[in-house]
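File shown: final39.cif. Contents: mmCIF, C-alpha atoms.
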```cif
data_work
loop_
_atom_site.group_PDB
_atom_site.id
_atom_site.type_symbol
_atom_site.label_atom_id
_atom_site.label_comp_id
_atom_site.auth_asym_id
_atom_site.auth_seq_id
_atom_site.Cartn_x
_atom_site.Cartn_y
_atom_site.Cartn_z
ATOM 1 C CA MET A 1 40.373 -30.743 49.050
ATOM 2 C CA LYS A 2 43.256 -31.364 46.703
ATOM 3 C CA LEU A 3 41.156 -30.280 43.720
ATOM 4 C CA ILE A 4 40.222 -27.021 45.443
ATOM 5 C CA THR A 5 43.827 -26.087 46.141
ATOM 6 C CA LEU A 6 45.010 -27.174 42.697
ATOM 7 C CA THR A 7 42.361 -25.143 40.899
ATOM 8 C CA PHE A 8 42.755 -22.194 43.275
ATOM 9 C CA PHE A 9 46.498 -21.906 42.687
ATOM 10 C CA THR A 10 45.867 -22.251 38.963
ATOM 11 C CA TYR A 11 43.368 -19.387 39.292
ATOM 12 C CA ILE A 12 45.788 -17.178 41.263
ATOM 13 C CA ARG A 13 48.584 -17.741 38.768
ATOM 14 C CA SER A 14 46.271 -17.019 35.839
ATOM 15 C CA VAL A 15 45.030 -13.778 37.438
ATOM 16 C CA LEU A 16 48.609 -12.625 37.954
ATOM 17 C CA LEU A 17 49.450 -13.484 34.354
ATOM 18 C CA TYR A 18 46.311 -11.656 33.204
ATOM 19 C CA LEU A 19 47.370 -8.549 35.122
ATOM 20 C CA LEU A 20 50.770 -8.774 33.483
ATOM 21 C CA PHE A 21 49.273 -9.233 30.001
ATOM 22 C CA THR A 22 46.925 -6.265 30.400
ATOM 23 C CA LEU A 23 49.549 -3.980 31.935
ATOM 24 C CA PRO A 24 49.750 -1.839 28.757
ATOM 25 C CA ALA A 25 46.167 -0.778 29.488
ATOM 26 C CA ALA A 26 47.515 1.020 32.583
ATOM 27 C CA VAL A 27 47.972 4.088 30.414
ATOM 28 C CA MET A 28 44.215 4.446 30.996
ATOM 29 C CA PRO A 29 44.146 4.043 34.796
ATOM 30 C CA ARG A 30 40.363 3.957 35.182
ATOM 31 C CA ILE A 31 39.984 1.139 32.690
ATOM 32 C CA TYR A 32 42.907 -0.819 34.113
ATOM 33 C CA LEU A 33 41.589 -0.446 37.665
ATOM 34 C CA VAL A 34 38.172 -1.746 36.636
ATOM 35 C CA SER A 35 39.880 -4.608 34.815
ATOM 36 C CA VAL A 36 41.909 -5.479 37.911
ATOM 37 C CA LEU A 37 38.859 -5.416 40.175
ATOM 38 C CA ALA A 38 36.808 -7.408 37.675
ATOM 39 C CA SER A 39 39.552 -9.997 37.361
ATOM 40 C CA PHE A 40 39.488 -10.614 41.110
ATOM 41 C CA VAL A 41 35.730 -10.473 41.664
ATOM 42 C CA LEU A 42 34.549 -12.182 38.501
ATOM 43 C CA GLY A 43 37.636 -14.352 38.466
ATOM 44 C CA MET A 44 36.239 -16.049 41.552
ATOM 45 C CA ALA A 45 33.107 -16.911 39.571
ATOM 46 C CA ALA A 46 35.323 -18.223 36.777
ATOM 47 C CA TRP A 47 37.296 -20.247 39.322
ATOM 48 C CA LEU A 48 34.095 -21.836 40.662
ATOM 49 C CA VAL A 49 32.965 -22.758 37.146
ATOM 50 C CA PHE A 50 36.418 -24.158 36.362
ATOM 51 C CA MET A 51 36.411 -26.139 39.606
ATOM 52 C CA MET A 52 32.968 -27.619 38.899
ATOM 53 C CA LEU A 53 33.995 -28.578 35.369
ATOM 54 C CA SER A 54 37.204 -30.102 36.753
ATOM 55 C CA VAL A 55 35.152 -32.313 39.069
ATOM 56 C CA ILE A 56 33.142 -33.524 36.095
ATOM 57 C CA ILE A 57 36.300 -34.093 34.039
ATOM 58 C CA ARG A 58 37.825 -36.072 36.908
ATOM 59 C CA PHE A 59 35.184 -38.765 36.522
ATOM 60 C CA ILE A 60 35.405 -39.057 32.742
ATOM 61 C CA LYS A 61 37.217 -42.163 31.609
ATOM 62 C CA ALA A 62 39.549 -40.697 29.011
ATOM 63 C CA SER A 63 43.183 -40.395 28.060
ATOM 64 C CA MET A 64 45.314 -37.548 29.381
ATOM 65 C CA ALA A 65 45.178 -35.866 25.975
ATOM 66 C CA THR A 66 41.392 -35.692 26.214
ATOM 67 C CA VAL A 67 41.584 -34.482 29.806
ATOM 68 C CA TYR A 68 43.963 -31.665 28.800
ATOM 69 C CA VAL A 69 41.683 -30.622 25.953
ATOM 70 C CA LEU A 70 38.664 -30.617 28.285
ATOM 71 C CA LEU A 71 40.545 -28.611 30.925
ATOM 72 C CA HIS A 72 41.552 -26.012 28.333
ATOM 73 C CA ALA A 73 37.973 -25.840 27.103
ATOM 74 C CA SER A 74 36.761 -25.398 30.681
ATOM 75 C CA VAL A 75 39.090 -22.399 31.113
ATOM 76 C CA ALA A 76 37.555 -20.796 28.035
ATOM 77 C CA ILE A 77 34.017 -21.564 29.220
ATOM 78 C CA ALA A 78 34.729 -20.118 32.680
ATOM 79 C CA VAL A 79 36.174 -16.893 31.237
ATOM 80 C CA ILE A 80 33.269 -16.498 28.812
ATOM 81 C CA ILE A 81 30.769 -16.892 31.660
ATOM 82 C CA ALA A 82 32.637 -14.358 33.825
ATOM 83 C CA TYR A 83 32.859 -11.887 30.922
ATOM 84 C CA SER A 84 29.142 -12.333 30.243
ATOM 85 C CA ILE A 85 28.419 -11.497 33.874
ATOM 86 C CA LEU A 86 30.575 -8.389 33.531
ATOM 87 C CA LEU A 87 28.684 -7.255 30.434
ATOM 88 C CA GLY A 88 25.356 -8.011 32.086
ATOM 89 C CA TYR A 89 26.131 -5.872 35.107
ATOM 90 C CA ALA A 90 27.922 -3.073 33.263
ATOM 91 C CA ILE A 91 27.826 0.091 35.317
ATOM 92 C CA GLU A 92 26.363 3.096 33.594
ATOM 93 C CA GLY A 93 29.074 5.079 31.867
ATOM 94 C CA MET A 94 31.472 2.135 31.753
ATOM 95 C CA HIS A 95 30.751 0.801 28.294
ATOM 96 C CA PHE A 96 34.405 0.791 27.274
ATOM 97 C CA TRP A 97 34.326 -3.013 27.193
ATOM 98 C CA ASP A 98 32.648 -2.704 23.794
ATOM 99 C CA LEU A 99 35.615 -0.814 22.357
ATOM 100 C CA GLN A 100 37.922 -2.766 20.068
ATOM 101 C CA PRO A 101 41.148 -2.903 22.135
ATOM 102 C CA PHE A 102 39.337 -3.941 25.307
ATOM 103 C CA SER A 103 37.571 -6.823 23.622
ATOM 104 C CA LEU A 104 40.961 -8.555 23.810
ATOM 105 C CA PHE A 105 40.796 -8.710 27.624
ATOM 106 C CA PRO A 106 38.876 -12.025 27.646
ATOM 107 C CA ALA A 107 41.409 -13.447 25.175
ATOM 108 C CA ALA A 108 44.195 -12.389 27.550
ATOM 109 C CA ALA A 109 42.350 -14.099 30.418
ATOM 110 C CA ILE A 110 41.963 -17.321 28.432
ATOM 111 C CA ALA A 111 45.635 -17.254 27.410
ATOM 112 C CA ALA A 112 46.655 -16.679 31.036
ATOM 113 C CA GLY A 113 44.528 -19.634 32.130
ATOM 114 C CA TRP A 114 46.027 -21.884 29.479
ATOM 115 C CA ILE A 115 49.566 -20.894 30.419
ATOM 116 C CA SER A 116 48.743 -21.564 34.068
ATOM 117 C CA LEU A 117 47.445 -25.017 33.120
ATOM 118 C CA TYR A 118 50.634 -25.668 31.182
ATOM 119 C CA ILE A 119 52.748 -24.679 34.181
ATOM 120 C CA ASN A 120 50.700 -27.051 36.399
ATOM 121 C CA ARG A 121 50.767 -29.942 33.917
ATOM 122 C CA ALA A 122 52.742 -32.273 36.201
ATOM 123 C CA LYS A 123 50.346 -31.786 39.110
ATOM 124 C CA LEU A 124 47.375 -32.130 36.763
ATOM 125 C CA LYS A 125 48.737 -35.384 35.404
ATOM 126 C CA ARG A 126 49.043 -36.779 38.945
ATOM 127 C CA TYR A 127 45.535 -35.665 39.881
ATOM 128 C CA PHE A 128 43.722 -36.618 36.681
ATOM 129 C CA LYS A 129 44.970 -40.167 36.334
ATOM 130 C CA PRO A 130 44.251 -41.620 32.899
ATOM 131 C CA ALA A 131 41.676 -44.340 32.623
ATOM 132 C CA ARG A 132 42.849 -47.906 32.379
ATOM 133 C CA ASN A 133 43.036 -49.452 28.931
ATOM 134 C CA VAL A 134 43.229 -46.017 27.307
ATOM 135 C CA LYS A 135 46.281 -45.433 25.179
ATOM 136 C CA THR A 136 48.357 -42.555 26.573
ATOM 137 C CA GLU A 137 51.830 -43.461 25.322
ATOM 138 C CA GLY A 138 53.381 -41.021 22.952
ATOM 139 C CA PHE A 139 51.367 -38.060 24.174
ATOM 140 C CA SER A 140 53.374 -34.937 24.829
ATOM 141 C CA LEU A 141 52.434 -31.327 25.428
ATOM 142 C CA HIS A 142 55.468 -30.153 23.502
ATOM 143 C CA PRO A 143 54.444 -28.973 19.991
ATOM 144 C CA SER A 144 57.585 -30.295 18.325
ATOM 145 C CA LYS A 145 56.434 -33.830 19.082
ATOM 146 C CA HIS A 146 53.323 -33.323 16.947
ATOM 147 C CA PHE A 147 54.072 -30.735 14.293
ATOM 148 C CA LEU A 148 57.761 -30.877 13.457
ATOM 149 C CA ASN A 149 58.006 -34.540 12.432
#
```

Output the structure of this file as structure tokens.
Amino acid sequence: MKLITLTFFTYIRSVLLYLLFTLPAAVMPRIYLVSVLASFVLGMAAWLVFMMLSVIIRFIKASMATVYVLLHASVAIAVIIAYSILLGYAIEGMHFWDLQPFSLFPAAAIAAGWISLYINRAKLKRYFKPARNVKTEGFSLHPSKHFLN
């Protein structure tokens, strides 16, 4: 149950961030409305994929660094699957997803998911406990710890 609530709140936060990121598309109300509806409907499919991948990741004996990388990859996989569903069921006359500016919508969804994971990092660390005998000291999510030395 804890995994469901953790992933669901991550999903809700990422949808809200996605809506914020794609707000400039509101100058074209029809496209923005379809994007909003698709983010809620297909976002649920993405949430289910993310939740299933999180269950698999939970049982992998790995360090927290590996778990974070796998969780970020699972966000990207979930968004790609949801976007593929959207393209597969494209309604006639709504082929604007192929246009250049709107191809950035999945990238905005992935970025929103990653930011949501970063915000939830403390809860994720408590839930995905690192495996024993796996070195986790010295790992930090802050980029200055890795790139500015």

Dump as a PyMOL selection string all residues having an atom at most 12 Å from (35.6, -17.8, 42.3), computed in the file's coordinates with only C-alpha atoms. chain A and resi 4+7-12+15+38-52+78-79+81-82

The PyMOL selection byres ((chain A and resi 129) around 10) resolved against shown file, as a tab-separated table (two decimals) with C-alpha atoms, in the frame of the given file:
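Written out: expr.tsv:
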```tsv
chain	number	residue	atom	x	y	z
A	58	ARG	CA	37.83	-36.07	36.91
A	59	PHE	CA	35.18	-38.76	36.52
A	61	LYS	CA	37.22	-42.16	31.61
A	62	ALA	CA	39.55	-40.70	29.01
A	63	SER	CA	43.18	-40.40	28.06
A	64	MET	CA	45.31	-37.55	29.38
A	67	VAL	CA	41.58	-34.48	29.81
A	124	LEU	CA	47.38	-32.13	36.76
A	125	LYS	CA	48.74	-35.38	35.40
A	126	ARG	CA	49.04	-36.78	38.94
A	127	TYR	CA	45.54	-35.66	39.88
A	128	PHE	CA	43.72	-36.62	36.68
A	130	PRO	CA	44.25	-41.62	32.90
A	131	ALA	CA	41.68	-44.34	32.62
A	132	ARG	CA	42.85	-47.91	32.38
```

When the PyMOL selection byres ((chain A and resi 36) around 12) is applied to the file above, which residues end up in the set, as a ChimeraX atom specification? /A:15-23,25-26,29-35,37-43,105,109

Between CA of Tyr118 in chain A and CA of Ile85 in chain A, measure the distance and give it in Å to one decimal. 26.5 Å

Quick one: what's the axis-aligned box for range 9-21 of chain A, all listed atoms, 6 Å on every side, centre and edges in Å to one decimal, as AutoDock Vina command-line options?
```
--center_x 47.1 --center_y -15.4 --center_z 36.3 --size_x 19.4 --size_y 25.7 --size_z 24.7
```

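Take CA of Leu6 in chain A and CA of Ala65 in chain A: the distance between them is 18.8 Å.
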
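Between CA of Arg13 in chain A and CA of Ala112 in chain A lies a distance of 8.0 Å.
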
Expected selection from the PyMOL selection byres ((chain A and resi 74) around 8), given as an mmCIF file with C-alpha atoms, in the frame of the given file:
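Dumped everything to part_19.cif:
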```cif
data_model
loop_
_atom_site.group_PDB
_atom_site.id
_atom_site.type_symbol
_atom_site.label_atom_id
_atom_site.label_comp_id
_atom_site.auth_asym_id
_atom_site.auth_seq_id
_atom_site.Cartn_x
_atom_site.Cartn_y
_atom_site.Cartn_z
ATOM 1 C CA VAL A 49 32.965 -22.758 37.146
ATOM 2 C CA PHE A 50 36.418 -24.158 36.362
ATOM 3 C CA LEU A 53 33.995 -28.578 35.369
ATOM 4 C CA SER A 54 37.204 -30.102 36.753
ATOM 5 C CA LEU A 70 38.664 -30.617 28.285
ATOM 6 C CA LEU A 71 40.545 -28.611 30.925
ATOM 7 C CA HIS A 72 41.552 -26.012 28.333
ATOM 8 C CA ALA A 73 37.973 -25.840 27.103
ATOM 9 C CA VAL A 75 39.090 -22.399 31.113
ATOM 10 C CA ALA A 76 37.555 -20.796 28.035
ATOM 11 C CA ILE A 77 34.017 -21.564 29.220
ATOM 12 C CA ALA A 78 34.729 -20.118 32.680
#
```

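Of the listed residues (A:Pro106, A:Ile119, A:Thr5, A:Met28), A:Pro106 comes nearest to Tyr83 in chain A; the distances count all atoms listed in the file.
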